[in-house]
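Colleague: Here you go, structure.pdb (PDB, C-alpha atoms and all ligand atoms):
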ATOM      1  CA  MET A 665      16.041 -20.917   0.443  1.00  0.00           C
ATOM      2  CA  ARG A 666      14.848 -17.514  -0.742  1.00  0.00           C
ATOM      3  CA  PRO A 667      17.443 -14.744  -0.838  1.00  0.00           C
ATOM      4  CA  PRO A 668      16.792 -12.108   1.861  1.00  0.00           C
ATOM      5  CA  LEU A 669      14.205  -9.529   0.867  1.00  0.00           C
ATOM      6  CA  ARG A 670      15.858  -6.262  -0.114  1.00  0.00           C
ATOM      7  CA  VAL A 671      14.157  -3.561   1.960  1.00  0.00           C
ATOM      8  CA  ALA A 672      14.327   0.242   1.775  1.00  0.00           C
ATOM      9  CA  VAL A 673      13.093   2.039   4.899  1.00  0.00           C
ATOM     10  CA  LEU A 674      11.893   5.661   4.802  1.00  0.00           C
ATOM     11  CA  VAL A 675      11.902   7.727   7.986  1.00  0.00           C
ATOM     12  CA  SER A 676      11.264  11.338   8.902  1.00  0.00           C
ATOM     13  CA  GLY A 677      12.153  11.322  12.583  1.00  0.00           C
ATOM     14  CA  ARG A 678      13.024   9.187  15.584  1.00  0.00           C
ATOM     15  CA  GLY A 679      13.306   5.870  13.752  1.00  0.00           C
ATOM     16  CA  SER A 680      12.271   3.468  16.510  1.00  0.00           C
ATOM     17  CA  ASN A 681      10.385   1.282  14.031  1.00  0.00           C
ATOM     18  CA  LEU A 682      13.544   1.190  11.914  1.00  0.00           C
ATOM     19  CA  GLN A 683      15.515   0.155  14.995  1.00  0.00           C
ATOM     20  CA  ALA A 684      13.040  -2.662  15.608  1.00  0.00           C
ATOM     21  CA  LEU A 685      13.539  -3.913  12.038  1.00  0.00           C
ATOM     22  CA  ILE A 686      17.329  -3.746  12.403  1.00  0.00           C
ATOM     23  CA  ALA A 687      17.173  -5.638  15.716  1.00  0.00           C
ATOM     24  CA  ALA A 688      14.867  -8.326  14.309  1.00  0.00           C
ATOM     25  CA  GLN A 689      17.064  -8.751  11.250  1.00  0.00           C
ATOM     26  CA  ARG A 690      20.142  -9.103  13.441  1.00  0.00           C
ATOM     27  CA  SER A 691      18.457 -11.601  15.737  1.00  0.00           C
ATOM     28  CA  GLY A 692      17.832 -13.825  12.733  1.00  0.00           C
ATOM     29  CA  THR A 693      14.014 -13.644  12.837  1.00  0.00           C
ATOM     30  CA  LEU A 694      13.686 -11.406   9.797  1.00  0.00           C
ATOM     31  CA  PRO A 695      15.074 -12.664   6.472  1.00  0.00           C
ATOM     32  CA  ILE A 696      15.737  -9.219   5.047  1.00  0.00           C
ATOM     33  CA  GLU A 697      18.593  -6.975   4.046  1.00  0.00           C
ATOM     34  CA  ILE A 698      17.984  -3.278   4.692  1.00  0.00           C
ATOM     35  CA  VAL A 699      19.685  -1.904   1.596  1.00  0.00           C
ATOM     36  CA  VAL A 700      19.013   1.787   2.246  1.00  0.00           C
ATOM     37  CA  VAL A 701      17.393   4.125   4.759  1.00  0.00           C
ATOM     38  CA  ALA A 702      16.114   7.340   3.193  1.00  0.00           C
ATOM     39  CA  SER A 703      14.691  10.517   4.630  1.00  0.00           C
ATOM     40  CA  ASP A 704      13.163  13.822   3.627  1.00  0.00           C
ATOM     41  CA  LYS A 705      14.741  15.307   6.774  1.00  0.00           C
ATOM     42  CA  PRO A 706      18.550  15.275   6.830  1.00  0.00           C
ATOM     43  CA  ALA A 707      18.546  15.649  10.639  1.00  0.00           C
ATOM     44  CA  ALA A 708      16.255  12.650  11.220  1.00  0.00           C
ATOM     45  CA  GLU A 709      17.451  10.532  14.119  1.00  0.00           C
ATOM     46  CA  GLY A 710      16.579   7.461  12.077  1.00  0.00           C
ATOM     47  CA  LEU A 711      19.364   8.266   9.623  1.00  0.00           C
ATOM     48  CA  ARG A 712      21.837   8.188  12.491  1.00  0.00           C
ATOM     49  CA  HIS A 713      20.570   4.759  13.574  1.00  0.00           C
ATOM     50  CA  ALA A 714      21.083   3.567   9.998  1.00  0.00           C
ATOM     51  CA  ARG A 715      24.632   4.911   9.811  1.00  0.00           C
ATOM     52  CA  ASP A 716      25.425   3.350  13.197  1.00  0.00           C
ATOM     53  CA  ALA A 717      24.221   0.037  11.781  1.00  0.00           C
ATOM     54  CA  GLY A 718      26.363   0.422   8.657  1.00  0.00           C
ATOM     55  CA  ILE A 719      23.356   0.852   6.362  1.00  0.00           C
ATOM     56  CA  ALA A 720      23.525   3.140   3.321  1.00  0.00           C
ATOM     57  CA  THR A 721      21.531   6.342   3.679  1.00  0.00           C
ATOM     58  CA  VAL A 722      19.899   8.851   1.371  1.00  0.00           C
ATOM     59  CA  ALA A 723      18.973  12.275   2.759  1.00  0.00           C
ATOM     60  CA  LEU A 724      17.081  14.629   0.507  1.00  0.00           C
ATOM     61  CA  ASP A 725      15.945  17.821   2.188  1.00  0.00           C
ATOM     62  CA  ALA A 726      12.296  18.615   1.459  1.00  0.00           C
ATOM     63  CA  ALA A 727      12.571  22.051   3.056  1.00  0.00           C
ATOM     64  CA  GLY A 728      12.096  24.787   0.497  1.00  0.00           C
ATOM     65  CA  ARG A 729      11.168  22.381  -2.290  1.00  0.00           C
ATOM     66  CA  ARG A 730       7.952  23.651  -3.871  1.00  0.00           C
ATOM     67  CA  ASP A 731       7.496  20.994  -6.541  1.00  0.00           C
ATOM     68  CA  ARG A 732       6.322  18.047  -4.480  1.00  0.00           C
ATOM     69  CA  ALA A 733       6.075  15.639  -7.415  1.00  0.00           C
ATOM     70  CA  ALA A 734       9.615  16.441  -8.576  1.00  0.00           C
ATOM     71  CA  PHE A 735      10.955  15.953  -5.042  1.00  0.00           C
ATOM     72  CA  ASP A 736       9.219  12.587  -4.673  1.00  0.00           C
ATOM     73  CA  ALA A 737      10.459  11.478  -8.105  1.00  0.00           C
ATOM     74  CA  GLU A 738      14.031  12.412  -7.187  1.00  0.00           C
ATOM     75  CA  LEU A 739      13.804  10.632  -3.827  1.00  0.00           C
ATOM     76  CA  PHE A 740      12.384   7.466  -5.348  1.00  0.00           C
ATOM     77  CA  ALA A 741      14.954   7.463  -8.158  1.00  0.00           C
ATOM     78  CA  LYS A 742      17.653   7.420  -5.489  1.00  0.00           C
ATOM     79  CA  ILE A 743      15.875   4.627  -3.626  1.00  0.00           C
ATOM     80  CA  ALA A 744      15.325   2.614  -6.819  1.00  0.00           C
ATOM     81  CA  ALA A 745      19.098   2.642  -7.400  1.00  0.00           C
ATOM     82  CA  PHE A 746      19.349   0.224  -4.440  1.00  0.00           C
ATOM     83  CA  ALA A 747      16.893  -2.160  -6.155  1.00  0.00           C
ATOM     84  CA  PRO A 748      14.664  -2.816  -3.135  1.00  0.00           C
ATOM     85  CA  ASP A 749      11.976  -5.501  -3.295  1.00  0.00           C
ATOM     86  CA  LEU A 750       9.957  -3.674  -0.636  1.00  0.00           C
ATOM     87  CA  VAL A 751       9.742  -0.074   0.563  1.00  0.00           C
ATOM     88  CA  VAL A 752       8.702   0.397   4.201  1.00  0.00           C
ATOM     89  CA  LEU A 753       7.396   3.777   5.356  1.00  0.00           C
ATOM     90  CA  ALA A 754       8.285   3.783   9.064  1.00  0.00           C
ATOM     91  CA  GLY A 755       7.361   7.166  10.447  1.00  0.00           C
ATOM     92  CA  PHE A 756       7.702   8.815   7.040  1.00  0.00           C
ATOM     93  CA  MET A 757       5.552  11.924   7.407  1.00  0.00           C
ATOM     94  CA  ARG A 758       5.024  12.864   3.799  1.00  0.00           C
ATOM     95  CA  VAL A 759       2.116  12.250   1.449  1.00  0.00           C
ATOM     96  CA  LEU A 760       3.681  10.793  -1.675  1.00  0.00           C
ATOM     97  CA  ASP A 761       2.836  11.764  -5.207  1.00  0.00           C
ATOM     98  CA  ALA A 762       0.501   9.298  -6.930  1.00  0.00           C
ATOM     99  CA  ALA A 763       2.617   9.014 -10.090  1.00  0.00           C
ATOM    100  CA  VAL A 764       5.694   8.121  -8.053  1.00  0.00           C
ATOM    101  CA  LEU A 765       3.779   5.426  -6.195  1.00  0.00           C
ATOM    102  CA  THR A 766       2.341   3.694  -9.250  1.00  0.00           C
ATOM    103  CA  PRO A 767       5.406   1.569 -10.140  1.00  0.00           C
ATOM    104  CA  TRP A 768       5.680   0.506  -6.479  1.00  0.00           C
ATOM    105  CA  THR A 769       2.111  -0.705  -6.098  1.00  0.00           C
ATOM    106  CA  GLY A 770       2.115  -3.864  -3.989  1.00  0.00           C
ATOM    107  CA  ARG A 771       5.741  -3.262  -2.943  1.00  0.00           C
ATOM    108  CA  ILE A 772       5.315  -0.388  -0.502  1.00  0.00           C
ATOM    109  CA  ILE A 773       3.826  -0.550   2.985  1.00  0.00           C
ATOM    110  CA  ASN A 774       3.219   1.983   5.758  1.00  0.00           C
ATOM    111  CA  ILE A 775       2.721   1.723   9.499  1.00  0.00           C
ATOM    112  CA  HIS A 776       0.045   4.046  10.837  1.00  0.00           C
ATOM    113  CA  PRO A 777      -0.864   4.649  14.488  1.00  0.00           C
ATOM    114  CA  SER A 778      -4.607   3.980  14.330  1.00  0.00           C
ATOM    115  CA  LEU A 779      -6.978   1.166  13.579  1.00  0.00           C
ATOM    116  CA  LEU A 780      -7.584   2.051   9.950  1.00  0.00           C
ATOM    117  CA  PRO A 781      -9.938   3.028   8.375  1.00  0.00           C
ATOM    118  CA  LYS A 782     -10.334   5.089  11.568  1.00  0.00           C
ATOM    119  CA  TYR A 783      -8.235   8.247  11.825  1.00  0.00           C
ATOM    120  CA  PRO A 784      -6.127   8.536   8.680  1.00  0.00           C
ATOM    121  CA  GLY A 785      -3.727  11.484   8.849  1.00  0.00           C
ATOM    122  CA  LEU A 786      -2.357  13.142  11.980  1.00  0.00           C
ATOM    123  CA  HIS A 787      -3.132  13.266  15.737  1.00  0.00           C
ATOM    124  CA  THR A 788      -4.524   9.761  15.817  1.00  0.00           C
ATOM    125  CA  HIS A 789      -4.111   9.218  19.565  1.00  0.00           C
ATOM    126  CA  ARG A 790      -5.883  12.462  20.418  1.00  0.00           C
ATOM    127  CA  ARG A 791      -8.703  11.681  18.005  1.00  0.00           C
ATOM    128  CA  ALA A 792      -9.232   8.216  19.501  1.00  0.00           C
ATOM    129  CA  LEU A 793      -9.370   9.724  22.999  1.00  0.00           C
ATOM    130  CA  GLN A 794     -11.714  12.514  21.935  1.00  0.00           C
ATOM    131  CA  ALA A 795     -14.041  10.000  20.291  1.00  0.00           C
ATOM    132  CA  GLY A 796     -14.237   8.051  23.565  1.00  0.00           C
ATOM    133  CA  ASP A 797     -12.967   4.870  21.921  1.00  0.00           C
ATOM    134  CA  ALA A 798     -12.358   1.856  24.151  1.00  0.00           C
ATOM    135  CA  VAL A 799      -9.786   0.380  21.788  1.00  0.00           C
ATOM    136  CA  HIS A 800      -6.935   1.939  19.834  1.00  0.00           C
ATOM    137  CA  GLY A 801      -4.116   0.490  17.796  1.00  0.00           C
ATOM    138  CA  ALA A 802      -1.855   0.542  14.789  1.00  0.00           C
ATOM    139  CA  SER A 803      -2.200  -0.763  11.252  1.00  0.00           C
ATOM    140  CA  VAL A 804       0.130  -1.803   8.456  1.00  0.00           C
ATOM    141  CA  HIS A 805      -1.248  -1.235   4.983  1.00  0.00           C
ATOM    142  CA  PHE A 806      -0.103  -1.273   1.397  1.00  0.00           C
ATOM    143  CA  VAL A 807       0.315   2.288   0.177  1.00  0.00           C
ATOM    144  CA  THR A 808      -1.907   3.783  -2.495  1.00  0.00           C
ATOM    145  CA  ALA A 809      -2.461   7.369  -3.618  1.00  0.00           C
ATOM    146  CA  GLU A 810      -5.233   7.679  -1.020  1.00  0.00           C
ATOM    147  CA  LEU A 811      -3.800   8.908   2.313  1.00  0.00           C
ATOM    148  CA  ASP A 812      -3.598   5.934   4.707  1.00  0.00           C
ATOM    149  CA  GLY A 813      -6.227   4.321   2.487  1.00  0.00           C
ATOM    150  CA  GLY A 814      -4.606   1.242   0.918  1.00  0.00           C
ATOM    151  CA  PRO A 815      -5.513  -2.325   1.899  1.00  0.00           C
ATOM    152  CA  VAL A 816      -4.721  -3.127   5.533  1.00  0.00           C
ATOM    153  CA  LEU A 817      -2.820  -6.363   6.002  1.00  0.00           C
ATOM    154  CA  ALA A 818      -2.609  -6.417   9.784  1.00  0.00           C
ATOM    155  CA  CYS A 819      -3.334  -4.435  12.916  1.00  0.00           C
ATOM    156  CA  SER A 820      -2.526  -4.538  16.606  1.00  0.00           C
ATOM    157  CA  GLU A 821      -4.969  -3.381  19.279  1.00  0.00           C
ATOM    158  CA  ILE A 822      -4.577  -1.930  22.759  1.00  0.00           C
ATOM    159  CA  ALA A 823      -7.224  -0.967  25.317  1.00  0.00           C
ATOM    160  CA  ILE A 824      -7.646   2.706  26.130  1.00  0.00           C
ATOM    161  CA  GLU A 825      -7.419   3.075  29.887  1.00  0.00           C
ATOM    162  CA  ALA A 826      -8.893   5.666  32.246  1.00  0.00           C
ATOM    163  CA  GLY A 827      -6.457   8.546  32.610  1.00  0.00           C
ATOM    164  CA  ASP A 828      -4.759   7.935  29.258  1.00  0.00           C
ATOM    165  CA  ASP A 829      -3.569  11.010  27.429  1.00  0.00           C
ATOM    166  CA  ASP A 830      -1.938  11.312  23.996  1.00  0.00           C
ATOM    167  CA  ALA A 831       1.527  10.646  25.313  1.00  0.00           C
ATOM    168  CA  ALA A 832       0.579   7.641  27.444  1.00  0.00           C
ATOM    169  CA  LEU A 833      -1.338   6.073  24.593  1.00  0.00           C
ATOM    170  CA  ALA A 834       1.469   6.651  22.102  1.00  0.00           C
ATOM    171  CA  ALA A 835       4.031   5.192  24.503  1.00  0.00           C
ATOM    172  CA  ARG A 836       1.965   2.071  25.170  1.00  0.00           C
ATOM    173  CA  LEU A 837       1.257   1.557  21.476  1.00  0.00           C
ATOM    174  CA  LEU A 838       4.845   1.946  20.282  1.00  0.00           C
ATOM    175  CA  PRO A 839       6.186  -1.502  21.254  1.00  0.00           C
ATOM    176  CA  ARG A 840       3.087  -3.016  19.664  1.00  0.00           C
ATOM    177  CA  GLU A 841       3.883  -1.071  16.479  1.00  0.00           C
ATOM    178  CA  HIS A 842       7.388  -2.495  16.462  1.00  0.00           C
ATOM    179  CA  ALA A 843       6.116  -6.073  16.768  1.00  0.00           C
ATOM    180  CA  LEU A 844       3.407  -5.474  14.165  1.00  0.00           C
ATOM    181  CA  LEU A 845       5.765  -3.999  11.588  1.00  0.00           C
ATOM    182  CA  CYS A 846       8.388  -6.707  12.083  1.00  0.00           C
ATOM    183  CA  ARG A 847       5.748  -9.417  11.722  1.00  0.00           C
ATOM    184  CA  CYS A 848       4.298  -7.898   8.542  1.00  0.00           C
ATOM    185  CA  VAL A 849       7.733  -7.517   6.949  1.00  0.00           C
ATOM    186  CA  GLN A 850       8.514 -11.105   7.962  1.00  0.00           C
ATOM    187  CA  TRP A 851       5.340 -12.395   6.268  1.00  0.00           C
ATOM    188  CA  ILE A 852       6.155 -10.455   3.098  1.00  0.00           C
ATOM    189  CA  ALA A 853       9.781 -11.669   3.170  1.00  0.00           C
ATOM    190  CA  GLN A 854       8.540 -15.234   3.500  1.00  0.00           C
ATOM    191  CA  GLY A 855       6.262 -14.707   0.498  1.00  0.00           C
ATOM    192  CA  ARG A 856       3.186 -15.350   2.637  1.00  0.00           C
ATOM    193  CA  ILE A 857       1.541 -11.974   1.985  1.00  0.00           C
ATOM    194  CA  THR A 858       1.200 -10.526  -1.484  1.00  0.00           C
ATOM    195  CA  TRP A 859      -0.828  -7.800  -3.134  1.00  0.00           C
ATOM    196  CA  GLN A 860      -1.235  -8.332  -6.829  1.00  0.00           C
ATOM    197  CA  ASP A 861      -3.825  -7.054  -9.277  1.00  0.00           C
ATOM    198  CA  GLY A 862      -5.730  -5.362  -6.454  1.00  0.00           C
ATOM    199  CA  GLN A 863      -5.971  -8.582  -4.448  1.00  0.00           C
ATOM    200  CA  LEU A 864      -4.430  -9.014  -1.011  1.00  0.00           C
ATOM    201  CA  GLN A 865      -3.539 -12.650  -0.378  1.00  0.00           C
ATOM    202  CA  VAL A 866      -2.253 -14.564   2.623  1.00  0.00           C
ATOM    203  CA  ASP A 867      -0.862 -18.030   1.976  1.00  0.00           C
ATOM    204  CA  GLY A 868      -2.551 -17.939  -1.433  1.00  0.00           C
ATOM    205  CA  GLU A 869      -6.017 -17.143  -0.032  1.00  0.00           C
ATOM    206  CA  PRO A 870      -7.769 -13.762  -0.311  1.00  0.00           C
ATOM    207  CA  LEU A 871      -7.503 -11.706   2.885  1.00  0.00           C
ATOM    208  CA  THR A 872     -10.902 -10.254   3.739  1.00  0.00           C
ATOM    209  CA  THR A 873     -10.207  -8.800   7.205  1.00  0.00           C
ATOM    210  CA  PRO A 874      -6.867  -7.597   8.574  1.00  0.00           C
ATOM    211  CA  LEU A 875      -4.716 -10.090  10.473  1.00  0.00           C
ATOM    212  CA  HIS A 876      -4.235  -9.405  14.189  1.00  0.00           C
ATOM    213  CA  VAL A 877      -0.796  -9.249  15.753  1.00  0.00           C
TER     214      VAL A 877
HETATM  215  C1  LIG B 901       5.066   5.884  14.617  1.00  0.00           C
HETATM  216  O1  LIG B 901       4.165   5.957  15.676  1.00  0.00           O
HETATM  217  C2  LIG B 901       4.342   5.656  13.307  1.00  0.00           C
HETATM  218  O2  LIG B 901       3.215   4.824  13.424  1.00  0.00           O
HETATM  219  C3  LIG B 901       3.927   7.064  12.967  1.00  0.00           C
HETATM  220  O3  LIG B 901       5.027   7.845  13.311  1.00  0.00           O
HETATM  221  C4  LIG B 901       5.728   7.235  14.391  1.00  0.00           C
HETATM  222  C5  LIG B 901       7.171   7.102  13.995  1.00  0.00           C
HETATM  223  O4  LIG B 901       7.933   6.623  15.069  1.00  0.00           O
HETATM  224  N1  LIG B 901       3.600   7.187  11.591  1.00  0.00           N
HETATM  225  C6  LIG B 901       2.673   8.029  11.130  1.00  0.00           C
HETATM  226  O5  LIG B 901       2.045   8.775  11.846  1.00  0.00           O
HETATM  227  C7  LIG B 901       2.489   7.996   9.638  1.00  0.00           C
HETATM  228  N2  LIG B 901       1.305   8.684   9.271  1.00  0.00           N
HETATM  229  P1  LIG B 901       9.404   6.123  14.818  1.00  0.00           P
HETATM  230  O6  LIG B 901      10.093   7.201  13.967  1.00  0.00           O
HETATM  231  O7  LIG B 901      10.003   6.043  16.184  1.00  0.00           O
HETATM  232  O8  LIG B 901       9.359   4.796  14.103  1.00  0.00           O
END
Is it possible to give me this structure as structure tokens?
Modeller:
Amino acid sequence: MRPPLRVAVLVSGRGSNLQALIAAQRSGTLPIEIVVVASDKPAAEGLRHARDAGIATVALDAAGRRDRAAFDAELFAKIAAFAPDLVVLAGFMRVLDAAVLTPWTGRIINIHPSLLPKYPGLHTHRRALQAGDAVHGASVHFVTAELDGGPVLACSEIAIEAGDDDAALAARLLPREHALLCRCVQWIAQGRITWQDGQLQVDGEPLTTPLHV
């Protein structure tokens, strides 16, 4: 038996993806230990969910901090003190400094509300609607210095329906995000998905197109 994967979760807001991870861990389907939840926003609701669950928290206020690289280095030093095997960005709305990311290459993932490589950045639901897309979705990717640009390990798709607006699309996608993130973390915890030396592998085979959840 492998020991549970030590996971750090970073949030900037509501924290529903964090809640999904906590629930899956508690239900026994996710062999992880969430060792810390960290945020750049001390008022983030996600931090409250973590405290309620008895998880250690780190809150480092980004407001008024001009030196982005120094802030990121400080935040990641605090996270590193918990010795996580994996860092999960779950609604963490900050572009991280490249130098800070380097030591975490292959050990940090992000969930993004679009079918990457479409719509990196913000306002993904609106952009999918404006483009007239028939299909929308969410992706989980390994994080690199390129914004939302690292290798995608899995995605989840939903149909765009007549009458959808931003809010409707976001609401319908959210439960799919939760399932997608939990599944990806499960695969990593089971050692089934790895990213080493620039190569994404699933069950020891190169992954050429994202998995579908
Ligand atoms: C989620 O929809 C997540 O995909 C998105 O923020 C939301 C956070 O919700 N992330 C990004 O846009 C990252 N670029 P949550 O706080 O309830 O998990």
Colleague: My list of candidates is A:Ser820, A:Thr769, A:Thr721, A:Thr693. Which is closest to ligand LIG 901 (chain B) when distances are computed with all atoms listed in the file?
Modeller: A:Ser820
Colleague: May I have the residues within 7 Å of stretch 845-847 of chain A as an MDAnalysis selection string, using all atoms listed in the file and disregarding those fewer than 4 positions away in the same chain?
Modeller: chainID A and resid 685 775 804 841 851
Colleague: Do you know which residues the PyMOL selection byres (((chain A and resi 765) around 10) and not hetatm) returns on this file, as a VMD selection string?
Modeller: chain A and resid 736 to 737 740 760 to 764 766 to 772 807 to 809
Colleague: Going by the chain IDs and residue numbers used in this file, which residues fall under the PyMOL selection byres (((not hetatm)) within 10 of (chain B and resi 901))? Write them as a ChimeraX atom specification.
Modeller: /A:674-685,708-710,753-759,774-778,783-789,801-804,811-812,834-835,837-842,845
Colleague: Do you have the atom CA of A:Asp725-atom CA of A:Lys705 distance handy?
Modeller: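 Going from atom CA of A:Asp725 over to atom CA of A:Lys705 covers 5.4 Å.
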Colleague: From the set A:Gly827, A:Gly868, A:Pro874, A:Pro706, which residue has the shortest atom-to-atom contact distance to A:Leu779, counting all atoms listed in the file?
Modeller: A:Pro874
Colleague: Considering all atoms listed in the file, return as a list in words whatever protein or nucleic-acid residues lie within 10 Å of A:Leu871, sequence-local ones (same chain, fewer than 5 positions apart) excluded.
Modeller: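 Non-adjacent residues within range: Pro815, Val816, Leu817, Ala818, Ile857, Thr858, Trp859, Gln863, Leu864, Gln865 and Val866 of chain A.
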Colleague: For the selection just defined, write its residues with C-alpha atoms to a file, as a CSV table (one decimal), keeping the file's coordinate frame.
Modeller:
chain,number,residue,atom,x,y,z
A,815,PRO,CA,-5.5,-2.3,1.9
A,816,VAL,CA,-4.7,-3.1,5.5
A,817,LEU,CA,-2.8,-6.4,6.0
A,818,ALA,CA,-2.6,-6.4,9.8
A,857,ILE,CA,1.5,-12.0,2.0
A,858,THR,CA,1.2,-10.5,-1.5
A,859,TRP,CA,-0.8,-7.8,-3.1
A,863,GLN,CA,-6.0,-8.6,-4.4
A,864,LEU,CA,-4.4,-9.0,-1.0
A,865,GLN,CA,-3.5,-12.6,-0.4
A,866,VAL,CA,-2.3,-14.6,2.6
Colleague: Between atom CA of A:Ala702 and atom CA of A:Val722, what is the distance in Å, rounded to a tenth?
Modeller: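 If I compute the distance from atom CA of A:Ala702 to atom CA of A:Val722, I get 4.5 Å.
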Colleague: Excluding stretch 746-749 of chain A and residues on its chain fewer than 4 positions from it, collect all residues at most 7 Å away from it, counting all atoms listed in the file, and give them as a list of chain:residue names.
Modeller: A:Leu669, A:Arg670, A:Val671, A:Ala672, A:Val699, A:Val700, A:Arg771
Colleague: Identify which of the residues A:Ala714, A:Leu793, A:Leu739, A:Val849 lies closest to A:Glu825, counting only C-alpha atoms when measuring atom-to-atom distances.
Modeller: A:Leu793
Colleague: Which one is closest to A:Ile773: A:His805, A:Arg715, A:His876, A:Arg690? Count all atoms listed in the file.
Modeller: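 Of A:His805, A:Arg715, A:His876, A:Arg690, the one nearest A:Ile773 is A:His805, counting all atoms listed in the file.
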Colleague: Measure the distance from atom CA of A:Leu780 to atom CA of A:Gly814 in Å and round it to one decimal.
Modeller: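 Result for atom CA of A:Leu780 versus atom CA of A:Gly814: 9.5 Å, one decimal.
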Colleague: Residues picked by the PyMOL selection byres (((chain A and resi 854) around 10) and not hetatm) here, as a list in words?
Modeller: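 On this input, the PyMOL selection byres (((chain A and resi 854) around 10) and not hetatm) captures Met665, Arg666, Pro667, Pro668, Leu669, Leu694, Pro695, Ile696, Cys848, Val849, Gln850, Trp851, Ile852, Ala853, Gly855, Arg856, Ile857 and Asp867 of chain A.
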Colleague: For C-alpha atoms, I'd like the residues from the last selection saved as a PDB file, in the frame of the given file.
Modeller:
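Generated file (again.pdb):
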ATOM      1  CA  MET A 665      16.041 -20.917   0.443  1.00  0.00           C
ATOM      2  CA  ARG A 666      14.848 -17.514  -0.742  1.00  0.00           C
ATOM      3  CA  PRO A 667      17.443 -14.744  -0.838  1.00  0.00           C
ATOM      4  CA  PRO A 668      16.792 -12.108   1.861  1.00  0.00           C
ATOM      5  CA  LEU A 669      14.205  -9.529   0.867  1.00  0.00           C
ATOM      6  CA  LEU A 694      13.686 -11.406   9.797  1.00  0.00           C
ATOM      7  CA  PRO A 695      15.074 -12.664   6.472  1.00  0.00           C
ATOM      8  CA  ILE A 696      15.737  -9.219   5.047  1.00  0.00           C
ATOM      9  CA  CYS A 848       4.298  -7.898   8.542  1.00  0.00           C
ATOM     10  CA  VAL A 849       7.733  -7.517   6.949  1.00  0.00           C
ATOM     11  CA  GLN A 850       8.514 -11.105   7.962  1.00  0.00           C
ATOM     12  CA  TRP A 851       5.340 -12.395   6.268  1.00  0.00           C
ATOM     13  CA  ILE A 852       6.155 -10.455   3.098  1.00  0.00           C
ATOM     14  CA  ALA A 853       9.781 -11.669   3.170  1.00  0.00           C
ATOM     15  CA  GLY A 855       6.262 -14.707   0.498  1.00  0.00           C
ATOM     16  CA  ARG A 856       3.186 -15.350   2.637  1.00  0.00           C
ATOM     17  CA  ILE A 857       1.541 -11.974   1.985  1.00  0.00           C
ATOM     18  CA  ASP A 867      -0.862 -18.030   1.976  1.00  0.00           C
TER      19      ASP A 867
END
Colleague: Compile the contact shell of A:Val673 as an MDAnalysis selection string: residues with an atom at most 6 Å away, counting only C-alpha atoms, same-chain residues fewer than 6 positions apart removed.
Modeller: chainID A and resid 701 751:753
Colleague: For each of A:Leu750, A:Ile743, A:Cys819, A:Ile698, take the minimum atom-to-atom distance to A:Lys782, counting only C-alpha atoms, then give the residue where this is smallest.
Modeller: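 Nearest to A:Lys782: A:Cys819.
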Colleague: Since the input lacks some atoms of stretch 852-860 of chain A, please model N, CA, C and O atoms and print them as an mmCIF file, in the coordinates of the input.
Modeller:
data_model
loop_
_atom_site.group_PDB
_atom_site.id
_atom_site.type_symbol
_atom_site.label_atom_id
_atom_site.label_comp_id
_atom_site.auth_asym_id
_atom_site.auth_seq_id
_atom_site.Cartn_x
_atom_site.Cartn_y
_atom_site.Cartn_z
ATOM 1 N N ILE A 852 5.886 -10.824 4.501
ATOM 2 C CA ILE A 852 6.155 -10.455 3.098
ATOM 3 C C ILE A 852 7.469 -11.104 2.646
ATOM 4 O O ILE A 852 7.553 -11.662 1.550
ATOM 5 N N ALA A 853 8.479 -11.074 3.521
ATOM 6 C CA ALA A 853 9.781 -11.669 3.170
ATOM 7 C C ALA A 853 9.659 -13.174 2.938
ATOM 8 O O ALA A 853 10.377 -13.745 2.115
ATOM 9 N N GLN A 854 8.744 -13.790 3.663
ATOM 10 C CA GLN A 854 8.540 -15.234 3.500
ATOM 11 C C GLN A 854 7.643 -15.550 2.306
ATOM 12 O O GLN A 854 7.375 -16.716 2.022
ATOM 13 N N GLY A 855 7.147 -14.501 1.652
ATOM 14 C CA GLY A 855 6.262 -14.707 0.498
ATOM 15 C C GLY A 855 4.860 -15.095 0.896
ATOM 16 O O GLY A 855 4.062 -15.527 0.055
ATOM 17 N N ARG A 856 4.512 -14.923 2.176
ATOM 18 C CA ARG A 856 3.186 -15.350 2.637
ATOM 19 C C ARG A 856 2.116 -14.321 2.321
ATOM 20 O O ARG A 856 0.949 -14.676 2.159
ATOM 21 N N ILE A 857 2.509 -13.034 2.288
ATOM 22 C CA ILE A 857 1.541 -11.974 1.985
ATOM 23 C C ILE A 857 1.929 -11.311 0.679
ATOM 24 O O ILE A 857 3.085 -10.921 0.487
ATOM 25 N N THR A 858 0.954 -11.198 -0.208
ATOM 26 C CA THR A 858 1.200 -10.526 -1.484
ATOM 27 C C THR A 858 0.003 -9.625 -1.804
ATOM 28 O O THR A 858 -1.110 -9.868 -1.332
ATOM 29 N N TRP A 859 0.272 -8.623 -2.602
ATOM 30 C CA TRP A 859 -0.828 -7.800 -3.134
ATOM 31 C C TRP A 859 -0.587 -7.651 -4.616
ATOM 32 O O TRP A 859 0.345 -6.984 -5.033
ATOM 33 N N GLN A 860 -1.403 -8.355 -5.376
ATOM 34 C CA GLN A 860 -1.235 -8.332 -6.829
ATOM 35 C C GLN A 860 -2.586 -8.129 -7.481
ATOM 36 O O GLN A 860 -3.581 -8.734 -7.049
#
